[in-house]
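What follows is a set of notes on a single structure, which appears directly below.
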Amino acid sequence: MSKKKGLSAEEKRARMMEIFFETKDVFQLKDMEKIAPKEKGITAMSVKEVLQSLVDDGMVDCERIGTSNYYWAFPSKALHARKRRLEILESQLSEGNQKHANLQKSIEKAKIGRQETVKQIK
(Lines give C-alpha, C1' and ligand atoms only; values in the text may rest on other atoms or scores of the structure.)
Protein backbone atom coordinates (compact mmCIF):
# COMPACT_ATOMS: atom_id res chain seq x y z
CA MET A 1 0.00 0.00 0.00
CA SER A 2 1.40 3.37 -0.93
CA LYS A 3 0.27 6.31 1.14
CA LYS A 4 0.30 9.76 -0.41
CA LYS A 5 2.10 12.28 1.71
CA GLY A 6 0.25 15.57 2.15
CA LEU A 7 1.73 18.84 0.98
CA SER A 8 3.22 21.29 3.45
CA ALA A 9 1.78 24.77 3.73
CA GLU A 10 4.72 26.26 1.83
CA GLU A 11 4.35 23.74 -0.99
CA LYS A 12 0.64 24.57 -1.25
CA ARG A 13 1.42 28.30 -1.36
CA ALA A 14 4.04 27.80 -4.08
CA ARG A 15 1.72 25.66 -6.18
CA MET A 16 -1.12 28.16 -5.78
CA MET A 17 1.18 30.95 -6.99
CA GLU A 18 2.13 28.77 -9.98
CA ILE A 19 -1.55 28.62 -10.95
CA PHE A 20 -1.78 32.42 -10.95
CA PHE A 21 1.52 32.94 -12.79
CA GLU A 22 0.87 30.28 -15.44
CA THR A 23 -2.68 31.38 -16.28
CA LYS A 24 -2.30 35.15 -15.70
CA ASP A 25 -6.03 35.24 -15.02
CA VAL A 26 -8.48 36.43 -12.36
CA PHE A 27 -10.31 33.81 -10.28
CA GLN A 28 -13.13 33.52 -7.81
CA LEU A 29 -12.82 31.23 -4.79
CA LYS A 30 -15.09 28.59 -6.31
CA ASP A 31 -12.94 28.54 -9.47
CA MET A 32 -9.79 28.02 -7.40
CA GLU A 33 -11.48 25.24 -5.43
CA LYS A 34 -12.07 23.42 -8.73
CA ILE A 35 -8.73 24.15 -10.42
CA ALA A 36 -6.25 23.66 -7.55
CA PRO A 37 -7.07 20.01 -6.77
CA LYS A 38 -7.01 18.99 -10.44
CA GLU A 39 -3.89 20.82 -11.60
CA LYS A 40 -1.70 21.11 -8.50
CA GLY A 41 -2.95 18.49 -6.05
CA ILE A 42 -4.02 20.94 -3.35
CA THR A 43 -6.99 19.56 -1.44
CA ALA A 44 -10.20 21.52 -2.00
CA MET A 45 -10.66 21.90 1.75
CA SER A 46 -7.42 23.84 2.17
CA VAL A 47 -7.69 26.10 -0.91
CA LYS A 48 -9.48 28.90 0.96
CA GLU A 49 -6.98 28.85 3.81
CA VAL A 50 -3.96 28.89 1.48
CA LEU A 51 -5.48 31.63 -0.66
CA GLN A 52 -6.20 33.77 2.40
CA SER A 53 -2.62 33.37 3.66
CA LEU A 54 -1.32 34.54 0.27
CA VAL A 55 -3.65 37.55 0.38
CA ASP A 56 -2.52 38.37 3.93
CA ASP A 57 1.12 38.29 2.83
CA GLY A 58 0.41 40.59 -0.12
CA MET A 59 1.39 38.00 -2.73
CA VAL A 60 -2.14 37.73 -4.16
CA ASP A 61 -4.53 40.65 -4.63
CA CYS A 62 -8.17 40.38 -3.66
CA GLU A 63 -10.99 42.74 -4.57
CA ARG A 64 -14.66 42.57 -3.72
CA ILE A 65 -16.79 43.44 -6.74
CA GLY A 66 -20.49 43.28 -6.02
CA THR A 67 -21.03 40.15 -3.97
CA SER A 68 -18.00 38.27 -5.30
CA ASN A 69 -14.34 38.25 -4.30
CA TYR A 70 -11.85 38.14 -7.15
CA TYR A 71 -8.25 36.99 -6.71
CA TRP A 72 -5.26 37.60 -8.96
CA ALA A 73 -1.47 37.74 -8.97
CA PHE A 74 0.72 38.59 -11.92
CA PRO A 75 4.43 37.79 -12.31
CA SER A 76 5.30 41.44 -12.94
CA LYS A 77 4.04 42.44 -9.47
CA ALA A 78 6.26 39.83 -7.82
CA LEU A 79 9.23 41.06 -9.86
CA HIS A 80 8.64 44.68 -8.83
CA ALA A 81 8.28 43.68 -5.18
CA ARG A 82 11.62 41.83 -5.31
CA LYS A 83 13.30 44.79 -7.02
CA ARG A 84 12.02 47.19 -4.35
CA ARG A 85 13.21 44.86 -1.59
CA LEU A 86 16.63 44.58 -3.26
CA GLU A 87 16.94 48.37 -3.48
CA ILE A 88 16.05 48.75 0.20
CA LEU A 89 18.58 46.12 1.24
CA GLU A 90 21.30 47.66 -0.92
CA SER A 91 20.72 51.09 0.62
CA GLN A 92 20.84 49.58 4.12
CA LEU A 93 24.11 47.83 3.21
CA SER A 94 25.70 51.05 1.93
CA GLU A 95 24.57 52.90 5.08
CA GLY A 96 26.06 50.15 7.23
CA ASN A 97 29.35 50.25 5.32
CA GLN A 98 29.52 54.03 5.68
CA LYS A 99 28.82 53.79 9.40
CA HIS A 100 31.54 51.13 9.74
CA ALA A 101 34.05 53.35 7.93
CA ASN A 102 33.21 56.32 10.16
CA LEU A 103 33.63 54.21 13.30
CA GLN A 104 36.98 52.91 12.06
CA LYS A 105 38.15 56.53 11.51
CA SER A 106 37.05 57.54 15.00
CA ILE A 107 38.92 54.55 16.48
CA GLU A 108 42.07 55.60 14.64
CA LYS A 109 41.68 59.19 15.91
CA ALA A 110 41.20 57.94 19.46
CA LYS A 111 44.39 55.82 19.27
CA ILE A 112 46.54 58.84 18.40
CA GLY A 113 48.53 59.97 21.45
CA ARG A 114 47.76 56.89 23.51
CA GLN A 115 50.18 54.26 24.57
CA GLU A 116 49.25 50.64 24.95
CA THR A 117 49.89 49.39 28.44
CA VAL A 118 50.85 45.88 29.35
CA LYS A 119 49.16 44.44 32.42
CA GLN A 120 51.40 42.59 34.81
CA ILE A 121 49.98 39.52 36.42
CA LYS A 122 51.12 38.94 40.01
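Within each chain, counting starts at residue 1; across the C-alpha coordinates, chains are named A, B, ... in the order shown, with ligands numbered 1 upward in that order.
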Could you give me, as CSV, every region 43-66 of chain A residue with an atom at most 9 Å from region 11-31 of chain A, plus its closest atom pair and distance in Å to one decimal, counting only C-alpha atoms, rows ordered by chain then number?
residue,atom,partner,partner_atom,distance
A:Ser46,CA,A:Lys12,CA,8.8
A:Val47,CA,A:Leu29,CA,8.2
A:Lys48,CA,A:Leu29,CA,7.0
A:Val50,CA,A:Arg13,CA,6.1
A:Leu51,CA,A:Met16,CA,7.6
A:Ser53,CA,A:Arg13,CA,8.2
A:Leu54,CA,A:Arg13,CA,7.0
A:Met59,CA,A:Met17,CA,8.2
A:Val60,CA,A:Met17,CA,8.1
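The space between CA of Val55 (chain A) and CA of Tyr70 (chain A) spans 11.1 Å.
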- Task: Could you pull out the residues in chain A that DSSP calls strand (DSSP E or B) from the backbone, as a ChimeraX atom specification?
- Result: /A:27-28,61-65,68-72
